[in-house]
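A.B. asks: Data: model_20.cif, mmCIF, C-alpha atoms.
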data_model
#
loop_
_atom_site.label_atom_id
_atom_site.label_comp_id
_atom_site.auth_asym_id
_atom_site.auth_seq_id
_atom_site.Cartn_x
_atom_site.Cartn_y
_atom_site.Cartn_z
CA MET A 7 -8.67 27.58 231.32
CA THR A 8 -11.40 30.01 230.55
CA GLU A 9 -10.07 30.69 227.12
CA PHE A 10 -9.90 26.94 226.37
CA ASN A 11 -13.52 26.38 227.42
CA GLU A 12 -14.84 29.25 225.35
CA GLU A 13 -12.90 28.05 222.39
CA SER A 14 -14.18 24.55 222.80
CA ARG A 15 -17.83 25.71 223.01
CA THR A 16 -17.31 27.82 219.92
CA GLU A 17 -15.95 24.84 217.99
CA ASN A 18 -18.76 22.63 219.21
CA ARG A 19 -21.39 25.15 218.03
CA ALA A 20 -19.64 25.43 214.68
CA ALA A 21 -19.57 21.65 214.33
CA LYS A 22 -23.28 21.22 215.19
CA LYS A 23 -24.68 23.94 212.86
CA PRO A 24 -24.36 21.98 209.60
CA VAL A 25 -26.15 19.02 211.20
CA TRP A 26 -29.24 21.08 212.14
CA LYS A 27 -29.22 22.76 208.76
CA GLY A 28 -29.27 19.42 206.96
CA PHE A 29 -32.04 18.10 209.19
CA LEU A 30 -34.25 21.18 208.59
CA SER A 31 -33.71 20.92 204.85
CA THR A 32 -34.88 17.31 204.95
CA VAL A 33 -37.97 18.18 206.99
CA ALA A 34 -38.77 21.13 204.72
CA ALA A 35 -38.51 18.90 201.65
CA GLY A 36 -40.87 16.38 203.23
CA VAL A 37 -43.43 19.05 204.13
CA LEU A 38 -43.24 20.55 200.63
CA GLY A 39 -43.68 17.14 199.04
CA SER A 40 -46.73 16.45 201.23
CA ALA A 41 -48.21 19.83 200.36
CA LEU A 42 -47.79 19.18 196.64
CA THR A 43 -49.42 15.76 196.97
CA LEU A 44 -52.41 17.16 198.87
CA THR A 45 -52.81 19.95 196.32
CA ALA A 46 -52.69 17.71 193.24
CA VAL A 47 -54.99 14.86 194.29
CA PRO A 48 -58.36 16.71 194.05
CA TYR A 49 -57.73 17.55 190.38
CA PHE A 50 -57.62 13.91 189.31
CA GLN A 51 -60.88 12.41 188.10
CA GLU A 52 -62.26 9.70 190.36
CA ASP A 53 -61.69 6.97 187.80
CA THR A 54 -58.07 8.01 187.15
CA PRO A 55 -55.43 5.72 188.73
CA GLN A 56 -53.43 7.66 191.33
CA ALA A 57 -49.86 7.19 192.49
CA THR A 58 -49.77 5.55 195.93
CA VAL A 59 -47.34 6.54 198.68
CA PRO A 60 -44.98 3.58 199.36
CA GLU A 61 -44.56 2.26 202.86
CA GLU A 62 -41.59 3.66 204.76
CA THR A 63 -38.56 1.51 204.18
CA GLY A 64 -35.95 3.94 205.29
CA GLN A 65 -34.85 4.45 201.67
CA ALA A 66 -36.09 7.08 199.22
CA GLU A 67 -37.61 5.66 196.02
CA SER A 68 -37.00 7.23 192.65
CA SER A 69 -39.98 9.13 191.12
CA SER A 70 -39.30 7.36 187.82
CA ASN A 71 -40.77 4.16 189.31
CA LEU A 72 -44.25 5.66 189.90
CA ASP A 73 -47.08 4.26 187.80
CA VAL A 74 -48.81 7.50 186.64
CA THR A 75 -51.61 7.63 184.05
CA PRO A 76 -51.95 11.00 182.23
CA VAL A 77 -55.35 12.71 182.44
CA SER A 78 -56.75 13.34 178.96
CA SER A 79 -59.85 15.26 177.89
CA SER A 80 -62.53 13.91 175.54
CA SER A 81 -62.02 14.65 171.86
CA ASN A 82 -65.77 14.82 171.17
CA SER A 83 -66.43 18.49 171.90
CA LEU A 84 -69.71 20.26 171.23
CA ALA A 85 -68.01 22.26 168.48
CA ASP A 86 -67.02 19.01 166.73
CA THR A 87 -70.60 17.76 166.97
CA ILE A 88 -71.97 20.99 165.51
CA GLU A 89 -69.41 21.02 162.72
CA GLN A 90 -70.42 17.51 161.69
CA ALA A 91 -74.18 18.13 162.00
CA SER A 92 -74.01 21.37 160.01
CA LYS A 93 -73.12 19.41 156.88
CA ALA A 94 -76.70 18.10 156.86
CA ILE A 95 -78.27 21.59 156.97
CA VAL A 96 -79.32 23.16 153.67
CA GLY A 97 -80.83 26.41 152.54
CA VAL A 98 -84.22 26.17 150.80
CA VAL A 99 -85.38 28.90 148.41
CA ASN A 100 -89.01 29.14 147.25
CA MET A 101 -89.02 30.38 143.65
CA GLN A 102 -92.31 31.66 142.23
CA GLN A 103 -93.31 33.13 138.89
CA GLN A 104 -93.75 36.89 138.95
CA ASN A 105 -95.26 38.88 136.09
CA ASN A 106 -94.75 42.52 136.96
CA ASN A 107 -95.23 43.71 133.38
CA PRO A 108 -98.92 43.65 132.38
CA PHE A 109 -97.96 43.97 128.68
CA SER A 110 -95.68 40.95 128.74
CA GLN A 111 -96.90 37.40 128.12
CA SER A 112 -93.88 35.88 129.85
CA SER A 113 -93.21 35.69 133.54
CA GLU A 114 -89.99 35.51 135.50
CA THR A 115 -89.20 33.20 138.39
CA SER A 116 -87.82 34.99 141.40
CA GLU A 117 -87.17 34.32 145.07
CA SER A 118 -90.34 34.39 147.15
CA GLY A 119 -88.94 33.21 150.47
CA THR A 120 -86.15 31.26 152.12
CA GLY A 121 -85.95 28.64 154.83
CA SER A 122 -83.93 25.70 156.01
CA GLY A 123 -83.93 21.95 155.54
CA VAL A 124 -82.25 18.83 156.91
CA ILE A 125 -80.75 15.98 154.88
CA PHE A 126 -82.06 12.84 156.60
CA LYS A 127 -81.29 10.20 153.97
CA LYS A 128 -78.55 9.82 151.38
CA THR A 129 -78.05 7.26 148.61
CA ASP A 130 -75.44 6.90 145.88
CA ASP A 131 -77.45 9.07 143.50
CA ALA A 132 -79.76 11.23 145.65
CA ALA A 133 -80.30 13.01 148.95
CA TYR A 134 -83.64 13.45 150.75
CA ILE A 135 -84.44 16.62 152.69
CA VAL A 136 -87.15 17.37 155.26
CA THR A 137 -88.41 20.93 155.65
CA ASN A 138 -91.63 22.79 156.48
CA ASN A 139 -94.55 22.85 154.08
CA HIS A 140 -94.88 26.62 154.52
CA VAL A 141 -91.29 27.05 153.29
CA ILE A 142 -92.02 25.54 149.86
CA GLU A 143 -95.78 26.11 149.53
CA ASN A 144 -96.89 27.41 146.09
CA ALA A 145 -93.34 27.21 144.73
CA ASN A 146 -92.85 26.90 140.98
CA GLU A 147 -89.27 25.86 141.60
CA ILE A 148 -87.31 24.89 144.72
CA GLN A 149 -83.60 25.60 145.00
CA VAL A 150 -81.37 23.99 147.61
CA THR A 151 -77.98 25.28 148.75
CA LEU A 152 -75.62 22.76 150.37
CA HIS A 153 -73.10 23.38 153.14
CA ASP A 154 -70.28 23.89 150.61
CA GLY A 155 -72.25 26.48 148.63
CA GLU A 156 -73.24 24.14 145.79
CA LYS A 157 -76.77 24.72 144.49
CA ALA A 158 -79.27 22.23 143.10
CA THR A 159 -82.89 22.18 141.95
CA ALA A 160 -85.03 20.01 144.23
CA GLU A 161 -87.96 17.77 143.39
CA LEU A 162 -90.98 17.91 145.70
CA ILE A 163 -91.66 14.34 146.83
CA GLY A 164 -94.59 15.05 149.11
CA THR A 165 -96.06 17.61 151.49
CA ASP A 166 -98.65 17.89 154.24
CA ALA A 167 -100.08 21.31 155.06
CA LEU A 168 -101.70 20.36 158.37
CA THR A 169 -98.54 19.04 160.01
CA ASP A 170 -96.33 21.51 158.08
CA ILE A 171 -93.90 18.87 156.80
CA ALA A 172 -92.52 18.44 153.27
CA VAL A 173 -89.94 16.11 151.70
CA LEU A 174 -87.59 17.16 148.89
CA LYS A 175 -85.14 15.20 146.77
CA ILE A 176 -81.98 16.33 145.00
CA LYS A 177 -80.33 14.02 142.49
CA GLY A 178 -76.67 13.19 142.11
CA ASP A 179 -73.76 12.18 144.32
CA VAL A 180 -74.31 14.87 146.95
CA ASP A 181 -71.31 15.90 149.03
CA ALA A 182 -73.13 16.15 152.34
CA GLU A 183 -73.93 14.20 155.48
CA ALA A 184 -77.28 12.82 156.61
CA MET A 185 -78.39 13.62 160.16
CA THR A 186 -79.58 10.67 162.23
CA PHE A 187 -82.90 10.73 164.08
CA GLY A 188 -82.99 10.89 167.85
CA ASP A 189 -85.88 9.70 170.04
CA SER A 190 -87.95 12.79 170.82
CA SER A 191 -90.07 10.85 173.32
CA LYS A 192 -87.08 10.79 175.68
CA LEU A 193 -86.77 14.58 175.83
CA ARG A 194 -87.43 16.24 179.17
CA ALA A 195 -87.77 19.86 180.19
CA GLY A 196 -84.26 21.13 180.88
CA ASP A 197 -82.48 18.97 178.29
CA GLN A 198 -79.92 20.96 176.30
CA VAL A 199 -80.75 21.44 172.60
CA LEU A 200 -79.34 23.37 169.65
CA ALA A 201 -81.08 24.96 166.67
CA ILE A 202 -79.27 25.09 163.32
CA GLY A 203 -80.64 26.92 160.30
CA ASN A 204 -80.52 29.99 158.10
CA PRO A 205 -82.11 32.90 160.01
CA LEU A 206 -82.98 35.90 157.84
CA GLY A 207 -81.67 34.18 154.70
CA LEU A 208 -78.65 32.38 153.33
CA ASP A 209 -76.21 35.14 154.34
CA LEU A 210 -76.41 33.74 157.89
CA SER A 211 -76.49 30.10 156.84
CA ARG A 212 -75.99 27.35 159.43
CA THR A 213 -76.31 29.67 162.39
CA VAL A 214 -76.26 27.77 165.70
CA THR A 215 -78.25 28.81 168.76
CA GLN A 216 -78.32 27.05 172.10
CA GLY A 217 -81.05 26.55 174.65
CA ILE A 218 -83.03 23.97 176.57
CA VAL A 219 -86.27 22.08 176.13
CA SER A 220 -88.79 24.36 177.83
CA ALA A 221 -91.64 21.84 177.62
CA VAL A 222 -92.73 18.75 175.73
CA ASP A 223 -96.11 17.72 174.32
CA ARG A 224 -97.36 21.26 173.76
CA SER A 225 -100.42 21.72 171.54
CA ILE A 226 -100.43 24.91 169.47
CA GLN A 227 -103.34 25.95 167.25
CA VAL A 228 -102.07 27.04 163.84
CA SER A 229 -103.70 28.31 160.67
CA THR A 230 -102.66 26.35 157.58
CA SER A 231 -103.72 26.33 153.95
CA ALA A 232 -105.72 23.18 154.79
CA GLY A 233 -107.48 24.80 157.74
CA GLU A 234 -107.01 25.18 161.49
CA TRP A 235 -104.99 22.47 163.20
CA ASN A 236 -103.62 21.69 166.66
CA LEU A 237 -99.93 21.00 166.14
CA ASN A 238 -98.08 18.83 168.67
CA VAL A 239 -94.73 20.50 169.35
CA ILE A 240 -91.62 20.75 171.53
CA GLN A 241 -91.18 24.15 173.18
CA THR A 242 -87.64 25.56 173.37
CA ASP A 243 -85.91 28.81 174.27
CA ALA A 244 -83.21 28.30 171.62
CA ALA A 245 -83.46 31.33 169.33
CA ILE A 246 -85.60 30.60 166.25
CA ASN A 247 -86.02 33.36 163.68
CA PRO A 248 -87.53 33.73 160.19
CA GLY A 249 -85.47 31.49 157.93
CA ASN A 250 -84.94 28.88 160.66
CA SER A 251 -88.16 27.17 159.59
CA GLY A 252 -87.43 23.63 158.44
CA GLY A 253 -84.07 23.54 160.22
CA ALA A 254 -82.87 21.14 162.87
CA LEU A 255 -83.45 21.06 166.58
CA MET A 256 -80.83 18.59 167.77
CA ASN A 257 -79.50 17.16 171.01
CA THR A 258 -75.88 17.37 172.14
CA ALA A 259 -75.16 14.02 170.48
CA GLY A 260 -75.90 15.62 167.10
CA GLN A 261 -79.18 13.75 166.59
CA LEU A 262 -82.31 15.31 165.08
CA VAL A 263 -85.00 15.62 167.75
CA GLY A 264 -87.26 18.17 166.03
CA ILE A 265 -87.92 20.34 162.98
CA ASN A 266 -88.06 24.03 163.91
CA SER A 267 -91.35 25.43 162.66
CA LEU A 268 -92.69 28.49 164.44
CA LYS A 269 -92.29 31.00 167.23
CA ILE A 270 -94.54 33.44 169.06
CA THR A 271 -93.69 36.96 167.95
CA ASP A 272 -96.03 39.06 170.09
CA SER A 273 -94.53 42.22 171.52
CA GLY A 274 -92.64 41.57 174.74
CA VAL A 275 -92.48 37.79 174.16
CA GLU A 276 -89.07 36.12 174.02
CA GLY A 277 -87.77 32.57 173.94
CA LEU A 278 -90.95 30.84 172.76
CA GLY A 279 -89.97 28.66 169.82
CA PHE A 280 -91.56 25.40 168.72
CA ALA A 281 -90.40 22.32 166.83
CA ILE A 282 -92.23 19.28 165.46
CA PRO A 283 -90.99 16.18 167.36
CA SER A 284 -88.67 13.89 165.38
CA ASN A 285 -90.74 10.77 166.11
CA GLU A 286 -93.74 12.36 164.40
CA VAL A 287 -91.56 13.73 161.58
CA LYS A 288 -90.19 10.26 160.84
CA THR A 289 -93.69 8.78 160.56
CA LEU A 290 -94.81 11.62 158.30
CA ILE A 291 -91.84 11.48 155.92
CA ASP A 292 -92.25 7.71 155.51
CA GLN A 293 -95.80 8.33 154.28
CA LEU A 294 -94.78 11.27 152.10
CA ILE A 295 -92.08 9.22 150.38
CA GLU A 296 -94.47 6.32 149.83
CA ASN A 297 -97.66 8.18 148.90
CA GLY A 298 -96.76 11.81 148.24
CA GLN A 299 -99.14 12.80 151.01
CA VAL A 300 -100.26 11.73 154.48
CA VAL A 301 -103.06 9.20 154.09
CA ARG A 302 -105.98 10.04 156.38
CA PRO A 303 -109.71 9.27 156.59
CA TYR A 304 -111.64 11.46 154.18
CA LEU A 305 -115.20 12.65 154.64
CA GLY A 306 -115.39 14.95 151.64
CA VAL A 307 -116.82 18.24 152.91
CA GLY A 308 -115.53 21.79 153.06
CA LEU A 309 -116.42 23.45 156.36
CA ALA A 310 -116.84 26.84 158.01
CA SER A 311 -117.26 27.71 161.67
CA PHE A 312 -120.14 29.78 163.09
CA ASP A 313 -118.10 32.95 163.25
CA GLU A 314 -117.28 32.67 159.53
CA VAL A 315 -120.83 32.78 158.16
CA PRO A 316 -123.62 35.38 158.13
CA PRO A 317 -126.17 35.05 161.00
CA GLN A 318 -129.08 34.25 158.64
CA TYR A 319 -127.64 30.77 158.07
CA LEU A 320 -128.06 30.05 161.79
CA ARG A 321 -131.51 31.49 162.44
CA ASN A 322 -133.40 28.15 162.25
CA LEU A 323 -131.28 26.48 164.93
CA PRO A 324 -132.77 25.65 168.35
CA ASP A 325 -131.76 28.11 171.05
CA GLY A 326 -129.44 25.65 172.77
CA VAL A 327 -127.29 25.04 169.68
CA THR A 328 -124.48 27.59 169.67
CA SER A 329 -121.63 25.72 167.98
CA GLY A 330 -120.92 23.38 165.10
CA ALA A 331 -119.43 23.30 161.61
CA ILE A 332 -121.35 24.40 158.51
CA VAL A 333 -120.92 22.49 155.26
CA ALA A 334 -119.66 24.94 152.64
CA ASN A 335 -119.15 22.44 149.82
CA VAL A 336 -119.39 18.70 149.18
CA ASP A 337 -117.08 16.58 147.03
CA PRO A 338 -119.53 14.83 144.65
CA ASP A 339 -117.47 11.61 144.68
CA SER A 340 -117.03 11.48 148.45
CA ALA A 341 -118.52 9.46 151.27
CA ALA A 342 -120.35 12.57 152.47
CA ALA A 343 -122.14 12.93 149.14
CA LYS A 344 -123.10 9.24 149.16
CA ALA A 345 -124.51 9.66 152.68
CA GLY A 346 -126.68 12.58 151.54
CA LEU A 347 -124.94 15.51 153.28
CA GLN A 348 -125.67 18.89 151.69
CA VAL A 349 -124.35 22.44 151.65
CA GLU A 350 -125.59 24.46 154.69
CA ASP A 351 -125.99 21.34 156.84
CA ILE A 352 -124.68 22.11 160.35
CA LEU A 353 -122.62 19.22 161.73
CA VAL A 354 -122.74 18.86 165.51
CA SER A 355 -121.24 15.42 166.22
CA ILE A 356 -119.25 12.59 164.61
CA GLY A 357 -119.05 9.15 166.16
CA GLY A 358 -120.60 10.53 169.34
CA LYS A 359 -117.94 13.28 169.69
CA GLN A 360 -119.14 16.88 169.75
CA ILE A 361 -118.18 19.22 166.90
CA THR A 362 -117.82 22.82 168.04
CA ASN A 363 -115.99 24.12 164.95
CA SER A 364 -114.35 22.96 161.73
CA GLY A 365 -111.10 22.19 163.54
CA ASP A 366 -112.92 19.80 165.87
CA LEU A 367 -114.14 17.71 162.97
CA ARG A 368 -110.63 17.29 161.56
CA LYS A 369 -109.22 16.48 164.99
CA HIS A 370 -111.83 13.78 165.67
CA LEU A 371 -111.68 12.45 162.12
CA TYR A 372 -107.90 12.07 161.96
CA SER A 373 -107.17 10.96 165.51
CA GLY A 374 -110.21 8.86 166.33
CA PHE A 375 -111.08 6.98 163.15
CA SER A 376 -109.53 4.95 160.35
CA ILE A 377 -110.17 4.46 156.68
CA GLY A 378 -113.11 2.08 156.23
CA ASP A 379 -114.76 2.94 159.56
CA LYS A 380 -118.53 3.52 159.59
CA VAL A 381 -119.38 6.56 161.67
CA LYS A 382 -122.60 8.30 162.61
CA ILE A 383 -122.81 12.02 161.87
CA GLU A 384 -125.48 14.22 163.47
CA PHE A 385 -126.43 17.50 161.80
CA TYR A 386 -129.13 20.14 161.63
CA ARG A 387 -130.96 20.84 158.38
CA GLY A 388 -133.71 23.44 158.34
CA GLY A 389 -133.69 23.51 162.14
CA GLU A 390 -134.30 19.74 162.39
CA LEU A 391 -131.78 17.29 163.89
CA LYS A 392 -130.88 14.49 161.47
CA SER A 393 -128.23 11.76 161.25
CA ALA A 394 -126.41 9.82 158.57
CA GLU A 395 -123.99 6.88 158.55
CA VAL A 396 -120.81 7.49 156.56
CA THR A 397 -118.12 5.00 155.50
CA LEU A 398 -114.83 6.84 155.60
CA THR A 399 -112.60 6.65 152.55
CA SER A 400 -108.98 7.63 151.85
CA ASN A 401 -107.91 11.17 151.00
CA GLN A 402 -105.26 9.93 148.53
CA LYS A 403 -107.14 11.01 145.42
CA ALA A 404 -108.91 13.96 146.98
CA ASN A 405 -108.26 17.54 145.92
CA TRP A 406 -107.86 19.40 149.19
CA GLU A 407 -109.51 22.73 149.78
CA ARG A 408 -109.23 25.03 152.76
CA GLY A 409 -111.30 23.63 155.61
CA THR A 410 -111.73 20.23 153.97
CA GLY A 411 -112.27 17.09 156.04
#
Taking this structure as input, can you express it in the form of structure tokens?
C.D. replies:
Amino acid sequence: MTEFNEESRTENRAAKKPVWKGFLSTVAAGVLGSALTLTAVPYFQEDTPQATVPEETGQAESSSNLDVTPVSSSSNSLADTIEQASKAIVGVVNMQQQNNNPFSQSSETSESGTGSGVIFKKTDDAAYIVTNNHVIENANEIQVTLHDGEKATAELIGTDALTDIAVLKIKGDVDAEAMTFGDSSKLRAGDQVLAIGNPLGLDLSRTVTQGIVSAVDRSIQVSTSAGEWNLNVIQTDAAINPGNSGGALMNTAGQLVGINSLKITDSGVEGLGFAIPSNEVKTLIDQLIENGQVVRPYLGVGLASFDEVPPQYLRNLPDGVTSGAIVANVDPDSAAAKAGLQVEDILVSIGGKQITNSGDLRKHLYSGFSIGDKVKIEFYRGGELKSAEVTLTSNQKANWERGTG
């Protein structure tokens, strides 16, 4: 009897083992499936349709019936944007005549400097390029190198020394792209930007550097061939080096938001680059294409500040007068000449606004008045305060000199 019972228990255990094994396998499969589902869900984007778990029906459903949408990445990468935008970037070479042989009557044209430019408009037979005035200033010839290495001689359409903007034109069916303008007024500190240009020359053409907008609406005092000027700029920490001048500062959409123009190069200073805002550039190039220059009110005097003249010219001033702008020359056909202004007159106000130096006069003249306005100018002559009313004219036919207003 004992042997029978032991045998029976042994058979019963043998019969039950496969049942438990199958049950555990089923549970393990369910746990594994749940673990996989919990692991995969967080990697779907929120707007991606997800497979839902069907209600329990007692029957397993085939995975082939699940409605699953593949997750795809955007095809518009930053590299694609840069590749497209780079086709609008050109190299600009300033060619000037050099006569190194004093016994020769002829002179050779050679490279004087290089910079960058941006194609902003393209027609069937021409392309228009914006760059900095200082890149092409005093050039006898301007050469442009396109993204594919093709070279062309450019025509100077117009330039403005104070705002440091120039427009060039190359003729022909140009194989290049025009860069669209972005709205620079929408830029905020922290926005991502990229600089594209030719640092240190054409060997490093279309170099891309990345940074952010460090600040907007900066005012930087610069010395130009037309005198001192306060330039309104965007500050960025994107690397800008010699040769980047005239190149593009663009947003991540590939739009032009500024023209790279200058950087602070003092020892120990890094990441202080500046670009002229695209909204101002667009206004300037429209005028340069139409008129060849920026049309501004014109007074017709060349000026010098107090620290630029010998003290004897200031000795007749009252003790309280310590600043102003001294008339160095007068255009004989100008409004200033008609109003009776003379060389050595010391201008101290225009339209009620104080003049502390020659830059002040230009700032007030260009930002506060229009062509045709009648303005009162106060000045000292021989130690006596005088005034004159001047009707402002246009600078379109004026020959600019350093310090002219």
A.B. asks: What is the atom CA of A:Ile291 to atom CA of A:Ser373 distance in Å?
C.D. replies: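 That distance, rounded to one decimal, is 18.1 Å.
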A.B. asks: Quick one: pull the distance between atom CA of A:Leu268 and atom CA of A:Ala158, Å, one decimal.
C.D. replies: 26.0 Å
A.B. asks: Near A:Thr271, counting only C-alpha atoms, which residues have an atom at most 12 Å away, once you skip same-chain residues fewer than 2 positions from it, shown as an MDAnalysis selection string?
C.D. replies: chainID A and resid 245:248 268:269 273:280
A.B. asks: Could you give me, as a list in words, the residues within 7 Å of stretch 211-214 of chain A, counting only C-alpha atoms and dropping anything in the same chain fewer than 2 positions from it?
C.D. replies: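 Neighbouring residues, sequence-local ones excluded: Ser92, Ile95, Leu200, Ala201, Ile202, Gly203, Asn204, Gly207, Leu208, Asp209 and Gln216 of chain A.
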A.B. asks: To box stretch 212-218 of chain A, take all atoms listed in the file, fit an axis-aligned box, add 4 Å on each side, and give centre and edge lengths in Å to one decimal, as AutoDock Vina command-line options.
C.D. replies:
--center_x -79.5 --center_y 26.8 --center_z 168.0 --size_x 15.0 --size_y 13.7 --size_z 25.1
A.B. asks: Between A:Ser267, A:Asn285, A:Ser311, A:Thr258, which has the minimum distance to A:Ala91 (counting only C-alpha atoms)?
C.D. replies: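 Under the stated criterion, the closest residue is A:Thr258.
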A.B. asks: List, as a compact mmCIF listing (two decimals) with C-alpha atoms, keeping the file's coordinate frame, every residue that the PyMOL selection byres ((chain A and resi 161) around 8) selects in the file provided.
C.D. replies:
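Wrote it out as result_20.txt, contents follow:
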# COMPACT_ATOMS: atom_id res chain seq x y z
CA ILE A 148 -87.31 24.89 144.72
CA THR A 159 -82.89 22.18 141.95
CA ALA A 160 -85.03 20.01 144.23
CA LEU A 162 -90.98 17.91 145.70
CA ILE A 163 -91.66 14.34 146.83
CA LEU A 174 -87.59 17.16 148.89
CA LYS A 175 -85.14 15.20 146.77
CA ILE A 176 -81.98 16.33 145.00
A.B. asks: Separation of atom CA of A:Pro303 and atom CA of A:Ala331, in Å?
C.D. replies: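 A separation of 17.8 Å between them.
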A.B. asks: List, as a short mmCIF file (atom, residue, chain, number, x, y, z; two decimals) with C-alpha atoms, in the frame of the given file, every residue that the PyMOL selection byres ((chain A and resi 292) around 12) selects in the file provided.
C.D. replies:
data_model
loop_
_atom_site.label_atom_id
_atom_site.label_comp_id
_atom_site.auth_asym_id
_atom_site.auth_seq_id
_atom_site.Cartn_x
_atom_site.Cartn_y
_atom_site.Cartn_z
CA PHE A 126 -82.06 12.84 156.60
CA LYS A 127 -81.29 10.20 153.97
CA TYR A 134 -83.64 13.45 150.75
CA VAL A 136 -87.15 17.37 155.26
CA ILE A 163 -91.66 14.34 146.83
CA GLY A 164 -94.59 15.05 149.11
CA THR A 165 -96.06 17.61 151.49
CA ILE A 171 -93.90 18.87 156.80
CA ALA A 172 -92.52 18.44 153.27
CA VAL A 173 -89.94 16.11 151.70
CA ASN A 285 -90.74 10.77 166.11
CA GLU A 286 -93.74 12.36 164.40
CA VAL A 287 -91.56 13.73 161.58
CA LYS A 288 -90.19 10.26 160.84
CA THR A 289 -93.69 8.78 160.56
CA LEU A 290 -94.81 11.62 158.30
CA ILE A 291 -91.84 11.48 155.92
CA GLN A 293 -95.80 8.33 154.28
CA LEU A 294 -94.78 11.27 152.10
CA ILE A 295 -92.08 9.22 150.38
CA GLU A 296 -94.47 6.32 149.83
CA ASN A 297 -97.66 8.18 148.90
CA GLY A 298 -96.76 11.81 148.24
CA GLN A 299 -99.14 12.80 151.01
CA VAL A 300 -100.26 11.73 154.48
CA VAL A 301 -103.06 9.20 154.09
#
A.B. asks: List the neighbours of A:Gln360 out to 10 Å using only C-alpha atoms; skip same-chain residues closer than 4 positions along the sequence, and give me the result as a list in words.
C.D. replies: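 Using only C-alpha atoms, the neighbours found are Ser329, Gly330, Leu353, Val354, Ser355, Ile356, Asp366, Leu367, His370, Ile383 and Glu384 of chain A.
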A.B. asks: Expand the PyMOL selection byres ((chain A and resi 335-343) around 6) into the explicit residue set it covers here, and present it as a tab-separated table (two decimals) with C-alpha atoms, keeping the file's coordinate frame.
C.D. replies:
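To be explicit, this is the file written out as selection_35.tsv:
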chain	number	residue	atom	x	y	z
A	305	LEU	CA	-115.20	12.65	154.64
A	306	GLY	CA	-115.39	14.95	151.64
A	307	VAL	CA	-116.82	18.24	152.91
A	308	GLY	CA	-115.53	21.79	153.06
A	333	VAL	CA	-120.92	22.49	155.26
A	334	ALA	CA	-119.66	24.94	152.64
A	344	LYS	CA	-123.10	9.24	149.16
A	345	ALA	CA	-124.51	9.66	152.68
A	346	GLY	CA	-126.68	12.58	151.54
A	347	LEU	CA	-124.94	15.51	153.28
A	349	VAL	CA	-124.35	22.44	151.65
A.B. asks: Have a look at A:Tyr304, A:Thr151, A:Ala195, A:Glu350 and name the one nearest to A:Gln318; count only C-alpha atoms.
C.D. replies: A:Glu350
